[in-house]
file coords03.txt (compact mmCIF, C-alpha atoms)
# COMPACT_ATOMS: atom_id res chain seq x y z
CA MET G 9 198.84 13.73 -15.60
CA ILE G 10 198.08 10.04 -15.23
CA ASP G 11 195.27 9.06 -17.60
CA LEU G 12 192.10 7.43 -16.26
CA ALA G 13 192.74 4.39 -18.48
CA VAL G 14 196.04 3.78 -16.65
CA LEU G 15 194.35 4.07 -13.24
CA VAL G 16 191.60 1.65 -14.31
CA GLU G 17 194.17 -0.83 -15.59
CA GLY G 18 195.80 -0.82 -12.16
CA LEU G 19 192.39 -1.16 -10.51
CA ASN G 20 191.61 -4.26 -12.58
CA GLU G 21 194.99 -5.81 -11.77
CA ASP G 22 194.65 -5.19 -8.03
CA LEU G 23 191.09 -6.51 -7.78
CA THR G 24 191.88 -9.59 -9.87
CA ARG G 25 194.91 -10.33 -7.67
CA LEU G 26 192.93 -9.87 -4.45
CA PHE G 27 190.08 -12.10 -5.70
CA GLY G 28 192.67 -14.80 -6.29
CA LYS G 29 191.05 -17.10 -8.86
CA SER G 30 192.90 -17.64 -12.13
CA ASN G 31 189.72 -18.05 -14.21
CA ILE G 32 188.04 -14.80 -13.03
CA GLU G 33 189.26 -11.33 -14.01
CA PHE G 34 187.88 -7.87 -13.33
CA ASP G 35 187.24 -5.87 -16.51
CA ILE G 36 186.32 -2.33 -15.44
CA LYS G 37 186.25 0.18 -18.29
CA GLU G 38 186.65 3.94 -18.21
CA ASP G 39 183.40 5.89 -18.78
CA THR G 40 181.80 3.39 -21.16
CA GLY G 41 182.49 0.23 -23.12
CA ASP G 42 181.12 -3.04 -24.45
CA TYR G 43 180.26 -5.94 -22.18
CA THR G 44 183.04 -8.56 -22.04
CA ARG G 45 181.74 -12.08 -22.30
CA ALA G 46 183.42 -15.19 -20.93
CA LYS G 47 186.11 -16.61 -23.20
CA ARG G 48 187.02 -20.23 -23.81
CA GLU G 49 190.50 -21.37 -24.73
CA TYR G 50 190.59 -25.12 -25.15
CA ASN G 51 189.13 -26.44 -21.86
CA GLU G 52 189.78 -23.24 -19.91
CA ILE G 53 187.03 -20.64 -19.46
CA THR G 54 187.83 -17.12 -18.23
CA TYR G 55 184.97 -15.14 -16.69
CA TYR G 56 185.01 -11.34 -16.54
CA ILE G 57 183.52 -9.09 -13.87
CA ASN G 58 182.36 -6.04 -15.79
CA GLY G 59 182.23 -2.51 -14.48
CA ILE G 60 182.44 1.20 -15.30
CA ALA G 61 184.74 3.83 -13.77
CA SER G 62 184.27 7.59 -14.23
CA ILE G 63 185.89 10.70 -12.77
CA THR G 64 183.35 12.34 -10.44
CA ASP G 65 185.54 15.13 -9.04
CA SER G 66 188.90 16.60 -10.00
CA SER G 67 191.21 19.50 -9.10
CA LEU G 68 194.62 20.60 -10.34
CA THR G 69 197.15 23.05 -8.88
CA ILE G 70 200.43 24.03 -10.52
CA ILE G 71 203.06 25.17 -7.98
CA ASN G 72 206.23 26.59 -9.53
CA GLY G 73 205.80 24.29 -12.50
CA LEU G 74 205.02 21.18 -10.42
CA TYR G 75 201.63 19.51 -10.77
CA VAL G 76 199.54 18.63 -7.71
CA ALA G 77 196.11 17.12 -8.32
CA GLN G 78 193.26 15.18 -6.73
CA GLN G 79 190.72 12.97 -8.45
CA THR G 80 187.74 10.99 -7.25
CA VAL G 81 186.83 8.00 -9.41
CA GLY G 82 183.40 6.42 -9.02
CA VAL G 83 183.24 2.69 -9.79
CA THR G 84 180.20 0.45 -10.32
CA ILE G 85 180.66 -3.29 -10.78
CA ALA G 86 178.04 -5.83 -11.88
CA LEU G 87 178.50 -8.89 -9.68
CA PRO G 88 176.86 -11.94 -11.27
CA ILE G 89 174.63 -14.09 -9.11
CA ASP G 90 175.30 -17.81 -9.18
CA HIS G 91 171.93 -19.57 -8.94
CA ASP G 92 173.61 -22.73 -7.67
CA GLN G 93 174.37 -20.86 -4.40
CA GLN G 94 172.54 -18.59 -2.03
CA ILE G 95 172.93 -14.97 -3.07
CA GLU G 96 175.05 -14.08 -0.03
CA ALA G 97 177.51 -16.90 -0.72
CA SER G 98 177.61 -15.95 -4.38
CA ILE G 99 178.47 -12.29 -3.74
CA GLU G 100 180.67 -12.55 -0.64
CA PRO G 101 184.03 -13.40 -2.31
CA PHE G 102 183.73 -10.40 -4.63
CA ARG G 103 182.74 -8.08 -1.78
CA VAL G 104 185.71 -9.24 0.28
CA ALA G 105 188.14 -8.55 -2.58
CA ILE G 106 186.72 -5.04 -3.12
CA SER G 107 186.83 -4.29 0.62
CA LYS G 108 190.46 -5.41 0.83
CA PHE G 109 191.31 -3.05 -2.01
CA THR G 110 189.51 -0.02 -0.58
CA GLN G 111 190.85 -0.59 2.96
CA THR G 112 194.49 -0.72 1.85
CA PRO G 113 196.10 2.66 1.13
CA SER G 114 198.42 2.57 -1.86
CA ALA G 115 201.38 4.72 -2.89
CA LYS G 116 203.32 4.17 -6.08
CA ALA G 117 205.40 6.13 -8.58
CA MET G 118 203.84 6.43 -12.06
CA THR G 119 204.99 8.15 -15.25
CA ASP G 120 202.62 9.89 -17.66
CA GLU G 121 202.89 10.07 -21.46
CA SER G 122 204.99 13.25 -21.30
CA GLY G 123 207.58 11.61 -19.06
CA LYS G 124 206.57 13.36 -15.82
CA THR G 125 206.81 11.17 -12.71
CA PHE G 126 204.08 11.37 -10.07
CA LEU G 127 203.62 9.99 -6.61
CA VAL G 128 200.13 8.48 -6.83
CA THR G 129 198.39 7.68 -3.54
CA SER G 130 194.94 6.16 -3.29
CA TYR G 131 192.34 4.78 -0.89
CA GLY G 132 188.67 3.93 -1.26
CA THR G 133 185.25 3.77 0.33
CA GLN G 134 183.45 0.63 1.37
CA PRO G 135 181.35 -0.91 -1.45
CA ILE G 136 177.61 -0.25 -1.33
CA ALA G 137 175.12 -2.69 -2.86
CA GLY G 138 172.42 -1.51 -5.22
CA ASP G 139 169.18 -3.20 -6.24
CA ARG G 140 169.29 -6.64 -7.76
CA ALA G 141 168.66 -6.41 -11.51
CA GLN G 142 168.70 -8.28 -14.78
CA GLN G 143 170.11 -7.26 -18.15
CA THR G 144 170.37 -9.12 -21.42
CA GLU G 145 174.15 -9.25 -21.52
CA VAL G 146 174.84 -9.57 -17.79
CA GLY G 147 171.97 -11.74 -16.64
CA ASP G 148 171.01 -11.72 -12.95
CA PHE G 149 173.40 -9.43 -11.04
CA LEU G 150 173.87 -7.18 -8.04
CA PRO G 151 175.56 -3.81 -8.64
CA TYR G 152 178.21 -2.68 -6.16
CA SER G 153 179.48 0.90 -6.10
CA PHE G 154 182.48 2.51 -4.42
CA SER G 155 184.79 5.50 -4.86
CA VAL G 156 188.56 5.68 -5.10
CA PHE G 157 190.33 8.88 -4.07
CA TYR G 158 193.58 9.58 -5.91
CA SER G 159 196.24 12.18 -5.12
CA PHE G 160 198.99 13.08 -7.58
CA ILE G 161 202.16 14.95 -6.64
CA GLN G 162 204.83 15.42 -9.27
CA ASN G 163 208.13 14.01 -7.92
CA GLY G 164 206.44 13.62 -4.50
CA ILE G 165 207.43 11.52 -1.49
CA SER G 166 204.72 9.49 0.24
CA SER G 167 204.03 9.61 3.97
CA LEU G 168 204.33 5.82 3.77
CA ASN G 169 208.07 6.49 3.36
CA ALA G 170 208.14 8.23 6.75
CA THR G 171 208.15 5.60 9.50
CA MET G 172 208.95 5.40 13.19
CA THR G 173 209.52 2.70 15.78
CA PHE G 174 209.27 2.96 19.57
CA GLU G 175 211.14 0.28 21.51
CA GLY G 176 211.27 -1.76 18.30
CA GLU G 177 207.52 -1.52 17.52
CA ALA G 178 206.18 0.34 14.49
CA VAL G 179 204.18 3.42 15.52
CA PRO G 180 200.74 3.68 13.79
CA PHE G 181 200.58 7.47 13.84
CA THR G 182 197.90 9.55 12.18
CA GLU G 183 200.29 12.50 12.10
CA MET G 184 204.01 12.79 12.85
CA SER G 185 206.09 15.98 12.93
CA PRO G 186 209.80 15.70 13.78
CA SER G 187 211.50 19.05 14.31
CA ILE G 188 215.00 20.26 15.04
CA THR G 189 215.97 23.64 16.48
CA PRO G 190 219.57 24.83 16.25
CA ILE G 191 221.05 26.16 19.50
CA MET G 192 222.95 29.37 18.73
CA ASP G 193 225.71 31.32 20.42
CA ALA G 194 225.20 34.93 19.29
CA GLY G 195 227.83 37.61 19.57
CA VAL G 196 230.08 40.10 17.81
CA MET G 197 232.99 38.39 16.11
CA SER G 198 236.32 39.98 15.27
CA ASP G 199 235.94 39.53 11.52
CA THR G 200 232.33 40.73 11.10
CA ASN G 201 232.91 44.50 11.13
CA GLY G 202 230.97 44.85 14.36
CA GLY G 203 227.96 42.80 13.21
CA ALA G 204 226.41 40.16 15.46
CA VAL G 205 226.42 36.65 14.04
CA ASN G 206 225.20 33.27 15.26
CA VAL G 207 227.41 30.25 15.78
CA PRO G 208 225.56 26.91 16.04
CA THR G 209 226.58 24.97 19.13
CA GLY G 210 224.04 22.14 19.04
CA GLU G 211 220.52 21.08 18.15
CA ALA G 212 217.34 20.32 20.09
CA PHE G 213 215.40 17.46 18.46
CA GLN G 214 211.83 16.37 19.18
CA ILE G 215 209.00 14.39 17.58
CA THR G 216 205.34 15.38 17.93
CA LEU G 217 202.81 12.59 17.34
CA SER G 218 199.09 12.06 17.09
CA VAL G 219 198.25 8.38 17.61
CA PRO G 220 195.22 6.30 18.59
CA ALA G 221 195.38 4.58 21.98
CA LEU G 222 195.73 0.83 21.44
CA THR G 223 195.37 -2.05 23.89
CA THR G 224 198.42 -3.97 22.65
CA ASN G 225 200.97 -1.25 21.98
CA LYS G 226 204.21 -0.39 23.78
CA LEU G 227 203.88 3.35 23.12
CA THR G 228 200.38 3.45 24.66
CA GLU G 229 201.53 1.43 27.70
CA GLU G 230 204.49 3.70 28.41
CA PHE G 231 202.44 6.84 27.73
CA ALA G 232 199.89 5.74 30.35
CA GLN G 233 202.64 5.14 32.91
CA PHE G 234 204.12 8.57 32.17
CA ILE G 235 200.94 10.65 32.26
CA ILE G 236 199.25 8.83 35.18
CA ASN G 237 202.19 7.68 37.32
CA LYS G 238 204.82 10.22 36.12
CA LYS G 239 207.17 7.40 35.19
CA ARG G 240 210.43 8.70 33.77
CA ALA G 241 212.47 6.55 31.40
CA ILE G 242 214.58 6.72 28.28
CA TYR G 243 213.33 4.90 25.17
CA ASP G 244 214.85 3.68 21.92
CA VAL G 245 213.28 5.45 18.94
CA SER G 246 214.09 4.97 15.26
CA LEU G 247 213.07 7.38 12.51
CA THR G 248 213.15 6.85 8.74
CA PHE G 249 212.46 9.42 6.05
CA ASP G 250 213.16 9.02 2.33
CA ASN G 251 215.40 5.99 3.02
CA VAL G 252 217.46 7.89 5.62
CA THR G 253 217.38 6.27 9.09
CA ASN G 254 218.69 7.26 12.51
CA ASP G 255 218.29 5.99 16.09
CA TYR G 256 217.64 8.19 19.13
CA LYS G 257 217.39 8.03 22.90
CA MET G 258 214.23 9.93 23.83
CA ILE G 259 212.00 10.80 26.78
CA PHE G 260 208.39 11.92 26.98
CA GLY G 261 207.87 15.68 26.84
CA GLN G 262 204.57 17.54 26.81
CA CYS G 263 201.73 15.01 26.39
CA ASN G 264 197.96 14.77 26.66
CA TYR G 265 195.11 12.48 25.70
CA THR G 266 191.55 13.19 24.56
CA ALA G 267 188.58 11.00 25.51
CA ARG G 268 185.23 12.01 24.02
CA GLY G 269 181.89 10.19 24.27
CA ILE G 270 182.21 6.67 22.88
CA GLU G 271 185.00 7.55 20.46
CA GLY G 272 188.44 6.01 20.61
CA VAL G 273 190.97 7.80 22.79
CA GLY G 274 193.51 9.93 20.93
CA LEU G 275 197.05 10.57 22.21
CA SER G 276 199.11 13.70 21.61
CA ILE G 277 202.74 12.93 22.38
CA THR G 278 205.99 14.85 22.26
CA LEU G 279 209.22 12.86 22.46
CA VAL G 280 212.40 14.79 23.24
CA GLU G 281 215.96 13.62 22.58
CA ALA G 282 217.91 12.99 25.79
CA MET G 283 221.35 11.98 26.94
CA PRO G 284 221.57 8.18 27.22
CA ASN G 285 222.18 8.36 31.00
CA ALA G 286 220.09 11.48 31.75
CA ILE G 287 217.58 9.75 34.02
CA ALA G 288 220.19 7.68 35.84
CA GLU G 289 222.29 10.76 36.59
CA GLU G 290 219.36 12.61 38.15
CA GLU G 291 218.45 9.63 40.29
call {"tool": "encode", "arguments": {"input": "coords03.txt", "output": "structure tokens"}}
result
Amino acid sequence: MIDLAVLVEGLNEDLTRLFGKSNIEFDIKEDTGDYTRAKREYNEITYYINGIASITDSSLTIINGLYVAQQTVGVTIALPIDHDQQIEASIEPFRVAISKFTQTPSAKAMTDESGKTFLVTSYGTQPIAGDRAQQTEVGDFLPYSFSVFYSFIQNGISSLNATMTFEGEAVPFTEMSPSITPIMDAGVMSDTNGGAVNVPTGEAFQITLSVPALTTNKLTEEFAQFIINKKRAIYDVSLTFDNVTNDYKMIFGQCNYTARGIEGVGLSITLVEAMPNAIAEEE
């Protein structure tokens, strides 16, 4: 498994990069550690944003020798207050960097000490401010806490490697399920000793999607025309999985949308592969 120290090292690198100032680095430590003071090298001073990260929840499943695990890491950071600014202005750049990190899902391949390779995906919660405090080492500071949820799959492939476009636009699906069903010609063949066998004669391909309805989105626009006005058209769809890509001509199949209270509208869409001139022929 990937050690907490490795995860924390990546956390420090990402937050430091997102904060974007060469003289300020995040120095979060796993479980416990000594406070890191500012360091001077010639005329350059590097300031460190101290914090602690600990595992708050963990589970591990071994499936046929492959490791699948989840971990929740709780992080608390001491954000120093600059008395030359108002407290909001002092804290805001740090809060923005943390929010950018937690709002951006990540997927990367990592190798543990035993040589096992894992797909590591992560996302986080929004930072929550604690009570302003003072400590001897830190001085005047405001603690910010957030959680990072990690998933580990040995030799796994991320959903970020499964993408789709509709009429050239990326589709922001919450769930996508392509499926293919072989079309069979069943019968008794001369060389099967009287047994019935199936001979594949083709395939039926479709994609089932769950997507949010968006105001500036080609898929939403065409979906609305189909379900309200029964518009029939053929669309260009591209599908990529594990670096394998193919293009399709597709039409809308069974579809519905769900509107509930003040929530955003959700679309359930099935796209079915069609002959390039299928609509024109029928018309």
call {"tool": "closest_atom_pairs", "arguments": {"input": "coords03.txt", "of": "segment 121-148 of chain G", "to": "segment 19-34 of chain G", "cutoff": "12 Å", "atoms": "only C-alpha atoms", "output": "tab-separated table"}}
result
residue	atom	partner	partner_atom	distance
G:Ser130	CA	G:Leu19	CA	10.6
G:Tyr131	CA	G:Leu19	CA	11.3
G:Gly132	CA	G:Leu19	CA	11.2
call {"tool": "atom_distance", "arguments": {"input": "coords03.txt", "atom1": "atom CA of Asn251 of chain G", "atom2": "atom CA of Asn169 of chain G"}}
result
7.4 Å
call {"tool": "atom_distance", "arguments": {"input": "coords03.txt", "atom1": "atom CA of Leu247 of chain G", "atom2": "atom CA of Glu230 of chain G"}}
result
18.4 Å
call {"tool": "atom_distance", "arguments": {"input": "coords03.txt", "atom1": "atom CA of Gln111 of chain G", "atom2": "atom CA of Ser167 of chain G"}}
result
16.7 Å
call {"tool": "residues_around", "arguments": {"input": "coords03.txt", "residues": "Ile57 of chain G", "least_positions_apart": "2", "cutoff": "8 Å", "atoms": "only C-alpha atoms", "output": "count of residues only"}}
result
11
call {"tool": "residues_around", "arguments": {"input": "coords03.txt", "residues": "Ser153 of chain G", "least_positions_apart": "4", "cutoff": "7 Å", "atoms": "all atoms listed in the file", "output": "ChimeraX atom specification"}}
result
/G:83-85,135-137
call {"tool": "residues_near_point", "arguments": {"input": "coords03.txt", "point": "(195.0, 8.1, -16.8)", "cutoff": "12 Å", "atoms": "all atoms listed in the file", "output": "MDAnalysis selection string"}}
result
chainID G and resid 9:19 37:39 61:63 79 81 118:121 126 128 158 160
call {"tool": "residues_near_point", "arguments": {"input": "coords03.txt", "point": "(215.7, 19.8, 13.9)", "cutoff": "10 Å", "atoms": "all atoms listed in the file", "output": "PDB file with C-alpha atoms, keeping the file's coordinate frame"}}
result
ATOM      1  CA  PRO G 186     209.800  15.700  13.780  1.00  0.00           C
ATOM      2  CA  SER G 187     211.500  19.050  14.310  1.00  0.00           C
ATOM      3  CA  ILE G 188     215.000  20.260  15.040  1.00  0.00           C
ATOM      4  CA  THR G 189     215.970  23.640  16.480  1.00  0.00           C
ATOM      5  CA  PRO G 190     219.570  24.830  16.250  1.00  0.00           C
ATOM      6  CA  GLU G 211     220.520  21.080  18.150  1.00  0.00           C
ATOM      7  CA  ALA G 212     217.340  20.320  20.090  1.00  0.00           C
ATOM      8  CA  PHE G 213     215.400  17.460  18.460  1.00  0.00           C
ATOM      9  CA  GLN G 214     211.830  16.370  19.180  1.00  0.00           C
ATOM     10  CA  ILE G 215     209.000  14.390  17.580  1.00  0.00           C
TER      11      ILE G 215
END
call {"tool": "closest_residue", "arguments": {"input": "coords03.txt", "among": "G:Val76, G:Ile242, G:Val252, G:Ile235", "to": "Asn285 of chain G", "atoms": "all atoms listed in the file"}}
result
G:Ile242
call {"tool": "closest_residue", "arguments": {"input": "coords03.txt", "among": "G:Asp250, G:Ser155, G:Asn163, G:Ile70", "to": "Gly123 of chain G", "atoms": "all atoms listed in the file"}}
result
G:Asn163
call {"tool": "closest_residue", "arguments": {"input": "coords03.txt", "among": "G:Ala170, G:Ile236, G:Ala117, G:Met184", "to": "Thr253 of chain G", "atoms": "only C-alpha atoms"}}
result
G:Ala170
call {"tool": "closest_residue", "arguments": {"input": "coords03.txt", "among": "G:Ser66, G:Thr182, G:Thr144, G:Gln134", "to": "Thr216 of chain G", "atoms": "all atoms listed in the file"}}
result
G:Thr182
call {"tool": "closest_residue", "arguments": {"input": "coords03.txt", "among": "G:Arg48, G:Thr278, G:Gln162, G:Lys257", "to": "Asn72 of chain G", "atoms": "only C-alpha atoms"}}
result
G:Gln162
call {"tool": "closest_residue", "arguments": {"input": "coords03.txt", "among": "G:Val179, G:Ala221, G:Met192, G:Leu275", "to": "Ser246 of chain G", "atoms": "all atoms listed in the file"}}
result
G:Val179
